[in-house]
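Engineer: File follows, upload_26.cif with mmCIF, C-alpha atoms and all ligand atoms:
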```
data_input
loop_
_atom_site.label_atom_id
_atom_site.label_comp_id
_atom_site.auth_asym_id
_atom_site.auth_seq_id
_atom_site.Cartn_x
_atom_site.Cartn_y
_atom_site.Cartn_z
CA MET A 1 214.19 -310.21 -30.90
CA LEU A 2 212.66 -307.91 -28.28
CA LYS A 3 211.30 -309.55 -25.16
CA ASP A 4 210.00 -308.19 -21.90
CA ILE A 5 210.68 -309.57 -18.44
CA PHE A 6 207.55 -311.74 -18.65
CA ASN A 7 208.98 -313.41 -21.74
CA ARG A 8 206.44 -311.78 -24.04
CA GLU A 9 207.84 -311.23 -27.50
CA ILE A 10 207.42 -307.65 -28.71
CA ASN A 11 206.94 -307.65 -32.46
CA TYR A 12 204.33 -304.95 -32.96
CA LEU A 13 204.94 -301.20 -32.91
CA ARG A 14 202.29 -298.51 -32.98
CA ILE A 15 203.32 -295.01 -33.88
CA SER A 16 201.22 -291.91 -33.41
CA VAL A 17 202.22 -289.58 -36.23
CA THR A 18 200.24 -286.57 -35.02
CA ASP A 19 198.02 -285.55 -32.11
CA ARG A 20 195.85 -283.49 -34.46
CA CYS A 21 192.53 -284.60 -35.83
CA ASP A 22 189.67 -283.35 -37.95
CA LEU A 23 187.17 -284.79 -35.47
CA ARG A 24 186.63 -284.37 -31.72
CA CYS A 25 185.05 -287.68 -30.70
CA LYS A 26 183.51 -287.20 -27.29
CA TYR A 27 185.18 -290.23 -25.72
CA CYS A 28 188.61 -289.24 -27.04
CA MET A 29 188.93 -285.47 -26.89
CA LYS A 30 187.53 -282.36 -25.30
CA GLU A 31 185.62 -279.97 -27.51
CA LYS A 32 188.39 -277.40 -27.17
CA MET A 33 191.67 -279.18 -27.52
CA GLU A 34 195.10 -277.65 -27.44
CA PHE A 35 197.38 -279.43 -29.83
CA LEU A 36 201.12 -279.68 -29.58
CA PRO A 37 203.35 -277.17 -31.33
CA LYS A 38 204.66 -278.69 -34.56
CA LYS A 39 208.25 -278.45 -33.32
CA ASP A 40 207.48 -281.00 -30.58
CA VAL A 41 206.26 -283.61 -33.03
CA LEU A 42 208.70 -286.14 -34.46
CA THR A 43 209.86 -285.45 -38.00
CA PHE A 44 209.49 -288.13 -40.67
CA GLU A 45 213.26 -288.72 -40.49
CA GLN A 46 213.05 -289.32 -36.74
CA ILE A 47 210.10 -291.68 -37.13
CA GLU A 48 211.90 -293.61 -39.86
CA ARG A 49 215.02 -293.93 -37.76
CA LEU A 50 212.98 -295.49 -34.97
CA VAL A 51 211.22 -297.74 -37.47
CA ASP A 52 214.58 -298.96 -38.79
CA ILE A 53 215.81 -299.74 -35.30
CA PHE A 54 212.64 -301.59 -34.32
CA ILE A 55 212.46 -303.68 -37.47
CA SER A 56 216.12 -304.60 -37.14
CA GLU A 57 215.10 -306.07 -33.77
CA GLY A 58 212.37 -308.27 -35.19
CA VAL A 59 209.30 -306.01 -35.13
CA ASN A 60 207.19 -307.39 -37.96
CA LYS A 61 204.12 -305.18 -37.85
CA ILE A 62 203.77 -301.41 -37.62
CA ARG A 63 200.56 -299.46 -37.28
CA LEU A 64 200.39 -295.73 -37.88
CA THR A 65 197.81 -293.95 -35.82
CA GLY A 66 197.19 -290.61 -34.14
CA GLY A 67 195.29 -288.28 -33.82
CA GLU A 68 194.19 -288.77 -37.36
CA PRO A 69 197.21 -289.98 -39.33
CA LEU A 70 195.78 -288.81 -42.65
CA VAL A 71 195.65 -285.15 -41.55
CA ARG A 72 199.43 -284.99 -41.21
CA LYS A 73 200.92 -283.04 -44.09
CA ASN A 74 202.66 -285.22 -46.69
CA ILE A 75 201.79 -288.39 -44.77
CA GLU A 76 201.88 -290.33 -48.09
CA LYS A 77 205.62 -289.76 -48.15
CA LEU A 78 206.15 -291.33 -44.73
CA ILE A 79 203.81 -294.21 -45.54
CA ASP A 80 205.58 -294.80 -48.81
CA ASN A 81 209.02 -294.75 -47.19
CA ILE A 82 207.99 -297.17 -44.44
CA GLY A 83 206.11 -299.32 -46.96
CA LYS A 84 209.34 -299.76 -48.91
CA LYS A 85 210.89 -301.41 -45.87
CA ILE A 86 208.39 -304.30 -45.97
CA GLY A 87 210.40 -307.43 -46.58
CA THR A 88 213.50 -306.24 -44.76
CA TYR A 89 214.30 -308.36 -41.71
CA ASP A 90 210.95 -309.83 -40.63
CA PHE A 91 208.91 -306.70 -41.33
CA LYS A 92 205.70 -307.94 -42.94
CA GLU A 93 202.95 -305.46 -42.48
CA LEU A 94 202.34 -301.72 -42.40
CA THR A 95 198.86 -300.73 -41.42
CA LEU A 96 196.84 -297.76 -40.28
CA THR A 97 194.03 -296.77 -37.96
CA THR A 98 191.93 -293.95 -39.36
CA ASN A 99 188.60 -292.27 -38.83
CA GLY A 100 188.08 -292.63 -42.58
CA THR A 101 187.10 -289.03 -43.32
CA LEU A 102 189.98 -288.52 -45.76
CA LEU A 103 190.18 -292.06 -47.09
CA LYS A 104 188.59 -291.20 -50.39
CA GLN A 105 191.58 -289.02 -51.25
CA HIS A 106 194.17 -291.44 -49.88
CA ALA A 107 192.96 -294.98 -50.55
CA LYS A 108 194.80 -295.51 -53.82
CA ASN A 109 198.09 -294.13 -52.48
CA LEU A 110 197.80 -296.28 -49.38
CA LYS A 111 197.39 -299.38 -51.48
CA ASP A 112 200.26 -298.38 -53.78
CA SER A 113 202.47 -297.91 -50.72
CA GLY A 114 201.89 -301.47 -49.55
CA ILE A 115 199.02 -300.99 -47.11
CA ASN A 116 196.68 -303.93 -47.53
CA ARG A 117 194.70 -303.66 -44.31
CA ILE A 118 193.34 -300.75 -42.30
CA ASN A 119 191.16 -300.22 -39.26
CA ILE A 120 188.42 -297.64 -39.57
CA SER A 121 186.75 -296.22 -36.49
CA LEU A 122 183.02 -295.88 -36.87
CA ASP A 123 180.73 -295.95 -33.85
CA THR A 124 177.35 -295.26 -35.40
CA LEU A 125 175.64 -295.52 -38.78
CA ASN A 126 173.26 -292.71 -38.00
CA PRO A 127 174.40 -289.44 -39.66
CA LEU A 128 173.02 -287.21 -36.90
CA LYS A 129 174.44 -289.30 -34.10
CA TYR A 130 177.75 -289.43 -35.94
CA GLU A 131 177.83 -285.65 -36.17
CA LYS A 132 176.94 -285.35 -32.50
CA LEU A 133 179.55 -287.85 -31.33
CA THR A 134 182.42 -286.59 -33.48
CA ARG A 135 181.38 -282.92 -33.17
CA LEU A 136 182.80 -282.20 -36.64
CA GLY A 137 182.20 -285.26 -38.74
CA ASN A 138 180.10 -286.05 -41.78
CA LEU A 139 179.23 -289.74 -42.02
CA ARG A 140 178.99 -289.57 -45.80
CA ASN A 141 182.73 -288.88 -46.12
CA VAL A 142 183.52 -291.99 -44.11
CA LEU A 143 181.14 -294.20 -46.07
CA GLU A 144 182.60 -292.95 -49.35
CA GLY A 145 186.08 -293.57 -47.96
CA ILE A 146 185.14 -297.13 -47.04
CA ASP A 147 183.80 -297.66 -50.53
CA CYS A 148 187.03 -296.36 -52.05
CA ALA A 149 189.16 -298.56 -49.81
CA ILE A 150 187.14 -301.63 -50.80
CA LYS A 151 187.50 -300.72 -54.48
CA ASN A 152 191.25 -300.48 -53.98
CA ASN A 153 191.32 -303.96 -52.43
CA ILE A 154 192.24 -302.77 -48.97
CA LYS A 155 190.93 -305.10 -46.29
CA ILE A 156 188.98 -303.20 -43.66
CA LYS A 157 188.15 -303.81 -40.04
CA ILE A 158 185.61 -301.52 -38.41
CA ASN A 159 186.30 -300.50 -34.80
CA VAL A 160 183.26 -299.60 -32.75
CA VAL A 161 183.69 -298.09 -29.29
CA ALA A 162 180.77 -299.32 -27.21
CA LEU A 163 179.12 -296.36 -25.52
CA LYS A 164 176.38 -296.71 -22.94
CA ASN A 165 173.12 -295.05 -23.93
CA PHE A 166 174.58 -294.01 -27.25
CA ASN A 167 175.17 -296.85 -29.68
CA GLU A 168 174.23 -299.95 -27.73
CA ASN A 169 170.98 -300.23 -29.70
CA GLU A 170 172.90 -300.20 -32.99
CA PHE A 171 175.24 -303.15 -32.58
CA GLU A 172 173.01 -305.61 -34.43
CA GLU A 173 172.58 -303.19 -37.32
CA ILE A 174 176.32 -302.51 -37.46
CA LEU A 175 177.05 -306.23 -37.46
CA ILE A 176 174.72 -306.89 -40.38
CA TRP A 177 176.02 -303.84 -42.25
CA CYS A 178 179.60 -305.12 -41.87
CA GLY A 179 178.44 -308.61 -42.84
CA LYS A 180 176.88 -307.37 -46.06
CA LEU A 181 180.09 -305.52 -46.93
CA GLY A 182 182.15 -308.58 -45.94
CA ILE A 183 184.25 -306.65 -43.43
CA ASP A 184 185.34 -307.65 -39.94
CA VAL A 185 184.23 -305.64 -36.94
CA THR A 186 185.53 -305.21 -33.41
CA PHE A 187 183.66 -303.76 -30.46
CA ILE A 188 185.83 -301.98 -27.89
CA GLU A 189 185.19 -300.98 -24.28
CA VAL A 190 185.81 -297.31 -23.61
CA MET A 191 189.08 -296.75 -21.76
CA PRO A 192 189.64 -294.09 -19.09
CA MET A 193 192.26 -292.12 -20.99
CA GLY A 194 192.50 -288.35 -20.57
CA GLU A 195 189.88 -286.12 -19.03
CA THR A 196 187.28 -285.27 -21.68
CA ASP A 197 184.18 -283.14 -21.03
CA GLN A 198 182.26 -286.36 -20.44
CA TYR A 199 182.01 -288.46 -17.30
CA ARG A 200 183.75 -291.73 -18.22
CA TYR A 201 181.68 -293.96 -16.06
CA ASP A 202 178.56 -292.84 -17.91
CA GLN A 203 180.13 -293.96 -21.20
CA TYR A 204 181.33 -297.36 -20.05
CA LEU A 205 179.46 -300.37 -21.33
CA PRO A 206 180.96 -303.75 -20.35
CA LEU A 207 180.98 -306.01 -23.37
CA ASN A 208 180.38 -309.44 -21.80
CA GLU A 209 176.64 -309.18 -22.01
CA VAL A 210 176.72 -307.49 -25.41
CA ARG A 211 178.84 -310.34 -26.71
CA ASN A 212 176.57 -313.02 -25.28
CA ASN A 213 173.51 -311.35 -26.79
CA LEU A 214 175.10 -311.08 -30.22
CA ILE A 215 176.28 -314.70 -30.08
CA LYS A 216 172.74 -315.79 -29.28
CA LYS A 217 170.97 -313.58 -31.77
CA PHE A 218 173.23 -314.33 -34.75
CA SER A 219 174.50 -317.79 -33.77
CA LEU A 220 178.06 -316.46 -33.78
CA GLU A 221 180.50 -319.34 -33.52
CA ASN A 222 183.52 -319.71 -31.25
CA SER A 223 186.71 -318.96 -33.09
CA ASN A 224 190.46 -319.26 -32.66
CA TYR A 225 191.04 -316.44 -35.14
CA LYS A 226 193.87 -314.20 -33.95
CA THR A 227 195.36 -310.99 -35.28
CA GLY A 228 198.08 -310.78 -32.65
CA GLY A 229 196.02 -308.20 -30.77
CA PRO A 230 193.84 -308.21 -27.67
CA SER A 231 190.63 -308.94 -29.56
CA LYS A 232 188.78 -312.17 -28.83
CA TYR A 233 186.86 -313.25 -31.92
CA ASN A 234 183.67 -315.00 -32.84
CA TYR A 235 182.81 -316.08 -36.36
CA PHE A 236 179.69 -314.90 -38.20
CA ASN A 237 179.18 -317.79 -40.58
CA LYS A 238 176.33 -316.26 -42.55
CA TYR A 239 178.58 -313.47 -43.84
CA ASP A 240 181.99 -315.08 -43.33
CA ILE A 241 183.26 -312.26 -41.10
CA ASN A 242 185.11 -312.13 -37.77
CA VAL A 243 183.51 -310.29 -34.89
CA GLY A 244 185.97 -309.13 -32.24
CA PHE A 245 185.59 -307.90 -28.68
CA ILE A 246 188.25 -305.89 -26.87
CA THR A 247 187.57 -305.89 -23.16
CA PRO A 248 190.38 -304.16 -21.27
CA LEU A 249 188.10 -303.39 -18.33
CA SER A 250 185.79 -306.34 -17.98
CA GLN A 251 188.27 -309.06 -18.95
CA ASN A 252 191.98 -308.42 -18.89
CA PHE A 253 193.98 -309.67 -21.87
CA CYS A 254 197.51 -308.49 -21.11
CA GLN A 255 199.13 -311.93 -20.91
CA ASP A 256 199.40 -311.99 -24.71
CA CYS A 257 200.53 -308.38 -25.21
CA ASN A 258 203.06 -308.07 -28.03
CA ARG A 259 203.18 -304.32 -28.58
CA VAL A 260 204.75 -301.03 -27.59
CA ARG A 261 203.80 -297.50 -28.63
CA ILE A 262 205.59 -294.35 -29.66
CA THR A 263 203.78 -291.09 -29.19
CA CYS A 264 203.92 -288.32 -31.75
CA THR A 265 206.54 -286.58 -29.58
CA GLY A 266 208.79 -289.62 -29.35
CA ARG A 267 207.87 -291.08 -26.00
CA LEU A 268 208.00 -294.83 -25.89
CA TYR A 269 205.17 -296.26 -23.80
CA MET A 270 205.31 -299.91 -22.88
CA CYS A 271 201.58 -299.97 -22.23
CA LEU A 272 198.60 -297.84 -23.21
CA GLY A 273 197.27 -298.12 -19.68
CA GLN A 274 200.32 -297.05 -17.72
CA GLU A 275 202.17 -293.75 -17.25
CA LYS A 276 205.83 -294.86 -17.49
CA TYR A 277 207.73 -293.86 -20.62
CA ILE A 278 211.14 -293.04 -22.01
CA ASP A 279 211.45 -289.91 -24.13
CA PHE A 280 213.43 -290.72 -27.26
CA LYS A 281 213.18 -287.35 -28.97
CA LYS A 282 216.40 -286.00 -27.54
CA TYR A 283 218.26 -289.13 -28.63
CA LEU A 284 217.12 -288.90 -32.22
CA ASN A 285 219.86 -286.63 -33.42
CA ASN A 286 223.29 -287.42 -34.74
CA ASP A 287 224.97 -287.22 -31.31
CA PHE A 288 223.50 -290.57 -30.37
CA SER A 289 224.10 -293.88 -32.08
CA ASN A 290 221.45 -296.44 -32.98
CA GLN A 291 223.08 -298.71 -30.41
CA LYS A 292 222.46 -296.14 -27.68
CA ILE A 293 218.80 -295.93 -28.73
CA LEU A 294 218.55 -299.70 -28.82
CA ASN A 295 220.02 -299.94 -25.32
CA LEU A 296 217.34 -297.53 -24.15
CA ILE A 297 214.66 -299.67 -25.78
CA TYR A 298 216.00 -302.74 -23.94
CA GLU A 299 216.00 -300.70 -20.73
CA SER A 300 212.39 -299.56 -21.32
CA LEU A 301 211.23 -303.10 -21.90
CA LYS A 302 212.13 -303.90 -18.31
CA ASN A 303 209.32 -301.52 -17.38
CA LYS A 304 206.64 -303.21 -19.44
CA PRO A 305 204.02 -304.01 -16.80
CA LYS A 306 202.37 -307.36 -16.43
CA SER A 307 199.03 -305.70 -17.03
CA HIS A 308 197.51 -302.28 -17.51
CA ASP A 309 196.35 -299.98 -14.72
CA PHE A 310 192.95 -299.05 -16.12
CA ILE A 311 190.11 -298.84 -13.66
CA ILE A 312 186.69 -297.41 -14.19
CA ASN A 313 184.16 -296.86 -11.47
CA LYS A 314 181.90 -294.17 -10.14
CA GLU A 315 184.44 -292.62 -7.82
CA VAL A 316 187.61 -292.61 -9.89
CA LYS A 317 188.29 -289.87 -12.41
CA PRO A 318 190.22 -290.92 -15.53
CA TYR A 319 193.20 -292.75 -14.19
CA LEU A 320 195.55 -291.60 -16.92
CA SER A 321 196.23 -288.00 -17.75
CA ARG A 322 197.22 -288.75 -21.35
CA PHE A 323 194.74 -288.41 -24.17
CA MET A 324 194.33 -291.26 -26.62
CA ASN A 325 195.20 -289.01 -29.57
CA THR A 326 198.73 -288.27 -28.34
CA THR A 327 199.60 -291.84 -27.49
CA GLY A 328 197.72 -293.37 -30.40
CA GLY A 329 194.90 -295.87 -30.01
N1 LIG A 401 191.84 -291.01 -35.57
C1 LIG A 401 192.00 -292.39 -35.80
C2 LIG A 401 190.73 -293.15 -35.51
O1 LIG A 401 189.84 -292.58 -34.87
O2 LIG A 401 190.65 -294.29 -35.91
C3 LIG A 401 193.16 -293.02 -35.07
C4 LIG A 401 193.40 -292.60 -33.66
S1 LIG A 401 192.15 -293.05 -32.51
C5 LIG A 401 192.80 -292.41 -31.02
C6 LIG A 401 192.42 -294.80 -32.43
C7 LIG A 401 191.30 -295.60 -31.84
O3 LIG A 401 191.18 -295.28 -30.48
C8 LIG A 401 189.95 -295.37 -32.47
O4 LIG A 401 189.40 -296.63 -32.84
C9 LIG A 401 189.13 -294.75 -31.39
O5 LIG A 401 187.78 -295.10 -31.47
C10 LIG A 401 189.80 -295.32 -30.16
N2 LIG A 401 189.61 -294.55 -28.94
C11 LIG A 401 189.84 -293.24 -28.72
N3 LIG A 401 189.59 -292.91 -27.43
C12 LIG A 401 189.22 -294.06 -26.82
C13 LIG A 401 188.85 -294.40 -25.49
N4 LIG A 401 188.83 -293.50 -24.52
N5 LIG A 401 188.54 -295.70 -25.22
C14 LIG A 401 188.56 -296.64 -26.20
N6 LIG A 401 188.92 -296.38 -27.47
C15 LIG A 401 189.23 -295.11 -27.77
FE1 LIG A 402 190.13 -288.08 -33.77
FE2 LIG A 402 190.33 -290.73 -33.71
FE3 LIG A 402 190.18 -289.31 -31.44
FE4 LIG A 402 188.04 -289.46 -32.96
S1 LIG A 402 189.05 -291.17 -31.94
S2 LIG A 402 188.88 -287.59 -32.02
S3 LIG A 402 188.91 -289.52 -34.94
S4 LIG A 402 191.81 -289.26 -32.88
#
```
Go ahead and render the structure in this file as C-alpha cells.
Ligand code: SAM
Ligand code: SF4
Structural biologist:
Amino acid sequence: MLKDIFNREINYLRISVTDRCDLRCKYCMKEKMEFLPKKDVLTFEQIERLVDIFISEGVNKIRLTGGEPLVRKNIEKLIDNIGKKIGTYDFKELTLTTNGTLLKQHAKNLKDSGINRINISLDTLNPLKYEKLTRLGNLRNVLEGIDCAIKNNIKIKINVVALKNFNENEFEEILIWCGKLGIDVTFIEVMPMGETDQYRYDQYLPLNEVRNNLIKKFSLENSNYKTGGPSKYNYFNKYDINVGFITPLSQNFCQDCNRVRITCTGRLYMCLGQEKYIDFKKYLNNDFSNQKILNLIYESLKNKPKSHDFIINKEVKPYLSRFMNTTGG
C-alpha cells in the first residue's frame, strides 16, 4: 500500500493521456496553444507499465484525463487494456473525465471496456455561451454524447467550473437539468493553473455563498456521501442526486487527499497545486526494473505536500506555470 508521510493512503491515480484537445476552454487554455510533440508523450505501453506498477501497490481507482482523452488516437485500445486489469489486486474502477464532444462515438466502447462511470465537463447550457467559453465547441455534440452515455448505462457526473460573471446565473438551471436527468453534479472553483489569456482573479467565484444559496433554494440536505475525492456533497432529495462542491481556494480539503497524477509526458506530480515532480519517462525503458520505478514512487511520496500552494488574489499572477491540460484535471 502506498502512503505519504502524513499517513494518507494513496489509492487513486490520475493519468493524462494527451495534452491535446478539441476545445480551448478559456479557463484552461490560451486561444493559441502549442502542444507537445508526439514523441514526448507516453506511449500506451509506457502508460500500462505504470498502471501495472501502481495497481500492484494497491491503487484501486484510475482516471484517464487530459487534454481531452477521447482525441488520442486509438484510445479505445488503451482503455480496453486497462479495463481488463480490473479485478487484479484491488483495482476496482477505471473512469474518465471528458468534455463529452466525442462521447457519441465512444460511449458503447467505453461501457464494453468496463467503464461504468464518467465525469463530463459542462459549464453552461446555453449554446452561444458554450461556444464562446470553449472557443471551438458545439453544445449539441455534448448533449448527444450525454444521451448516448445514459443509454449505455454509464453513470455520469457533470463538472461545472464556477466562473464569475459567466455562469453564476445558471447554477439553478443546471441543477434542475441534472436532477431531471438523474445525474450528479459538482461545482468547482477555478484554480490558478497556467497563464491563459484571461485574468484569473476575474474568473474566480468562491463557492461558499453559492452553496448556501442553493441549499436554501432547493432545500438541499446535508450528506455524508463520499467518492474518495475532494468534493463535499449535499443531497437533492427531490431528484435523488448528489450535489458536490470542490473548494480548493475558499476551503482547503487536502487532509483527505488520496491521489497522485501522471502527466502525459510521464511526470509524477504528488499534488495538482504544487510544482515538484519526478520524471518517469526516462525510466520507462527496459534498462530499468519495475523495482527501480517503484523505489522512485516511494521516494516521490515523501514530497507529497500537506496541502496545495494555490492562491488567488488581485496581485498574484497564476501561481503555477503548468496548464491543466498537461497535468490532467
Ligand atoms: N478535457 C476533459 C474535460 O474537460 O473534462 C478532461 C481534462 S480537463 C483539464 C479536466 C477538468 O479540469 C475539467 O472538468 C475542467 O473543467 C477542469 N479545469 C480545467 N482548467 C481548470 C481550472 N483552471 N480550474 C478548475 N478546473 C479546471
Ligand atoms: Fe480541453 Fe478539458 Fe481544457 Fe476544456 S477543460 S480546454 S475540454 S482539456
Engineer: Around ligand LIG 402 (chain A), which protein and nucleic acid residues have at least one atom no more than 6 Å from it, if we count only C-alpha atoms and all ligand atoms? List them as an NGL selection string.
Structural biologist: :A and (21 or 23-25 or 28-29 or 66-68 or 99 or 325)
Engineer: For ligand LIG 401 (chain A), which of A:Asn165, A:Gln198, A:Thr227, A:Ser289 is the closest residue, counting all atoms listed in the file?
Structural biologist: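 Using all atoms listed in the file, the shortest distance to ligand LIG 401 (chain A) belongs to A:Gln198.
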Engineer: For Lys216 in chain A, find every residue with an atom within 12 Å (counting all atoms listed in the file), except residues of its own chain fewer than 6 positions away, and show them as an MDAnalysis selection string.
Structural biologist: chainID A and resid 172 209:210 222 234 236
Engineer: Is it possible to get the residues within 12 Å of (216.7, -299.5, -20.1) (coordinates as in the file, counting all atoms listed in the file) written as an MDAnalysis selection string?
Structural biologist: chainID A and resid 4:5 268 270 277:280 292:304
Engineer: Go ahead and write the selection's residues with C-alpha atoms as an mmCIF file, in the coordinates of the input.
Structural biologist:
```
data_model
loop_
_atom_site.group_PDB
_atom_site.id
_atom_site.type_symbol
_atom_site.label_atom_id
_atom_site.label_comp_id
_atom_site.auth_asym_id
_atom_site.auth_seq_id
_atom_site.Cartn_x
_atom_site.Cartn_y
_atom_site.Cartn_z
ATOM 1 C CA ASP A 4 210.000 -308.190 -21.900
ATOM 2 C CA ILE A 5 210.680 -309.570 -18.440
ATOM 3 C CA LEU A 268 208.000 -294.830 -25.890
ATOM 4 C CA MET A 270 205.310 -299.910 -22.880
ATOM 5 C CA TYR A 277 207.730 -293.860 -20.620
ATOM 6 C CA ILE A 278 211.140 -293.040 -22.010
ATOM 7 C CA ASP A 279 211.450 -289.910 -24.130
ATOM 8 C CA PHE A 280 213.430 -290.720 -27.260
ATOM 9 C CA LYS A 292 222.460 -296.140 -27.680
ATOM 10 C CA ILE A 293 218.800 -295.930 -28.730
ATOM 11 C CA LEU A 294 218.550 -299.700 -28.820
ATOM 12 C CA ASN A 295 220.020 -299.940 -25.320
ATOM 13 C CA LEU A 296 217.340 -297.530 -24.150
ATOM 14 C CA ILE A 297 214.660 -299.670 -25.780
ATOM 15 C CA TYR A 298 216.000 -302.740 -23.940
ATOM 16 C CA GLU A 299 216.000 -300.700 -20.730
ATOM 17 C CA SER A 300 212.390 -299.560 -21.320
ATOM 18 C CA LEU A 301 211.230 -303.100 -21.900
ATOM 19 C CA LYS A 302 212.130 -303.900 -18.310
ATOM 20 C CA ASN A 303 209.320 -301.520 -17.380
ATOM 21 C CA LYS A 304 206.640 -303.210 -19.440
#
```
Engineer: Check every protein, DNA and RNA residue against ligand LIG 401 (chain A), keep those with an atom at most 9 Å away (counting all atoms listed in the file), and present them as a count of residues only.
Structural biologist: 49
Engineer: Using all atoms listed in the file, which of A:Lys61, A:Lys282, A:Lys85, A:Lys73 sits nearest Arg117 in chain A?
Structural biologist: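 The answer is A:Lys61, which sits nearest to Arg117 in chain A.
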Engineer: Given the choices A:Val71, A:Tyr235, A:Lys217, A:Gly228, which gets closest to Gln255 in chain A if the distance is worked out from all atoms listed in the file?
Structural biologist: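 Between A:Val71, A:Tyr235, A:Lys217, A:Gly228, the residue approaching Gln255 in chain A most closely is A:Gly228.
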Engineer: State, in Å with one decimal place, the distance from CA of Ile86 in chain A to CA of Tyr269 in chain A.
Structural biologist: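 Atom-to-atom, CA of Ile86 in chain A and CA of Tyr269 in chain A are spaced 23.8 Å apart.
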Engineer: Using all atoms listed in the file, which residue out of A:Thr43, A:Asn258, A:Asn285, A:Asn224 lies closest to Val59 in chain A?
Structural biologist: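 Residue with the minimum atom-to-atom distance to Val59 in chain A: A:Asn258.
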Engineer: Nearest residue to Arg267 in chain A out of A:Thr95, A:Glu76, A:Lys238, A:Tyr283, using all atoms listed in the file?
Structural biologist: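 Answer, going by the shortest atom-to-atom distance: A:Tyr283.
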Engineer: Expressed in Å to a single decimal, how great is the separation between CA of Pro127 in chain A and CA of Leu139 in chain A?
Structural biologist: 5.4 Å
Engineer: What gap, in Å, lies between CA of Leu103 in chain A and CA of Gly244 in chain A?
Structural biologist: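 The value is 23.0 Å.
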Engineer: Extract, using all atoms listed in the file, all DNA, RNA and protein residues at most 9 Å from Glu9 in chain A, discarding same-chain residues fewer than 6 positions from it, and format them as a PDB file with C-alpha atoms, in the coordinates of the input.
Structural biologist:
```
ATOM      1  CA  MET A   1     214.190-310.210 -30.900  1.00  0.00           C
ATOM      2  CA  LEU A   2     212.660-307.910 -28.280  1.00  0.00           C
ATOM      3  CA  LYS A   3     211.300-309.550 -25.160  1.00  0.00           C
ATOM      4  CA  ASP A 256     199.400-311.990 -24.710  1.00  0.00           C
ATOM      5  CA  CYS A 257     200.530-308.380 -25.210  1.00  0.00           C
ATOM      6  CA  ASN A 258     203.060-308.070 -28.030  1.00  0.00           C
ATOM      7  CA  ARG A 259     203.180-304.320 -28.580  1.00  0.00           C
TER       8      ARG A 259
END
```
Engineer: Padding 3 Å on each side, edges along x, y and z: where is the centre of the box around the listed atoms of range 210-220 of chain A, and how long are its edges in Å to one decimal? Output it as JSON.
Structural biologist:
```
{"center_x": 174.9, "center_y": -312.6, "center_z": -30.0, "size_x": 13.9, "size_y": 16.3, "size_z": 15.5}
```
Engineer: Find the residues around Glu93 in chain A up to 12 Å (all atoms listed in the file counted), leave out those fewer than 3 positions away in its own chain, and share them as a compact mmCIF listing (two decimals) with C-alpha atoms, in the frame of the given file.
Structural biologist:
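Output saved as selection_27.txt:
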```txt
# COMPACT_ATOMS: atom_id res chain seq x y z
CA ASN A 11 206.94 -307.65 -32.46
CA TYR A 12 204.33 -304.95 -32.96
CA LEU A 13 204.94 -301.20 -32.91
CA ARG A 14 202.29 -298.51 -32.98
CA ILE A 55 212.46 -303.68 -37.47
CA VAL A 59 209.30 -306.01 -35.13
CA ASN A 60 207.19 -307.39 -37.96
CA LYS A 61 204.12 -305.18 -37.85
CA ILE A 62 203.77 -301.41 -37.62
CA ARG A 63 200.56 -299.46 -37.28
CA LEU A 64 200.39 -295.73 -37.88
CA ILE A 79 203.81 -294.21 -45.54
CA ILE A 82 207.99 -297.17 -44.44
CA GLY A 83 206.11 -299.32 -46.96
CA LYS A 84 209.34 -299.76 -48.91
CA LYS A 85 210.89 -301.41 -45.87
CA ILE A 86 208.39 -304.30 -45.97
CA GLY A 87 210.40 -307.43 -46.58
CA THR A 88 213.50 -306.24 -44.76
CA TYR A 89 214.30 -308.36 -41.71
CA ASP A 90 210.95 -309.83 -40.63
CA LEU A 96 196.84 -297.76 -40.28
CA SER A 113 202.47 -297.91 -50.72
CA GLY A 114 201.89 -301.47 -49.55
CA ILE A 115 199.02 -300.99 -47.11
CA ASN A 116 196.68 -303.93 -47.53
CA ARG A 117 194.70 -303.66 -44.31
CA ILE A 118 193.34 -300.75 -42.30
CA THR A 227 195.36 -310.99 -35.28
```
Engineer: When you count only C-alpha atoms, which of these residues is closest to Phe171 in chain A: A:Leu205, A:Gly145, A:Lys132, A:Leu214?
Structural biologist: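 Smallest separation from Phe171 in chain A among the options: A:Leu214.
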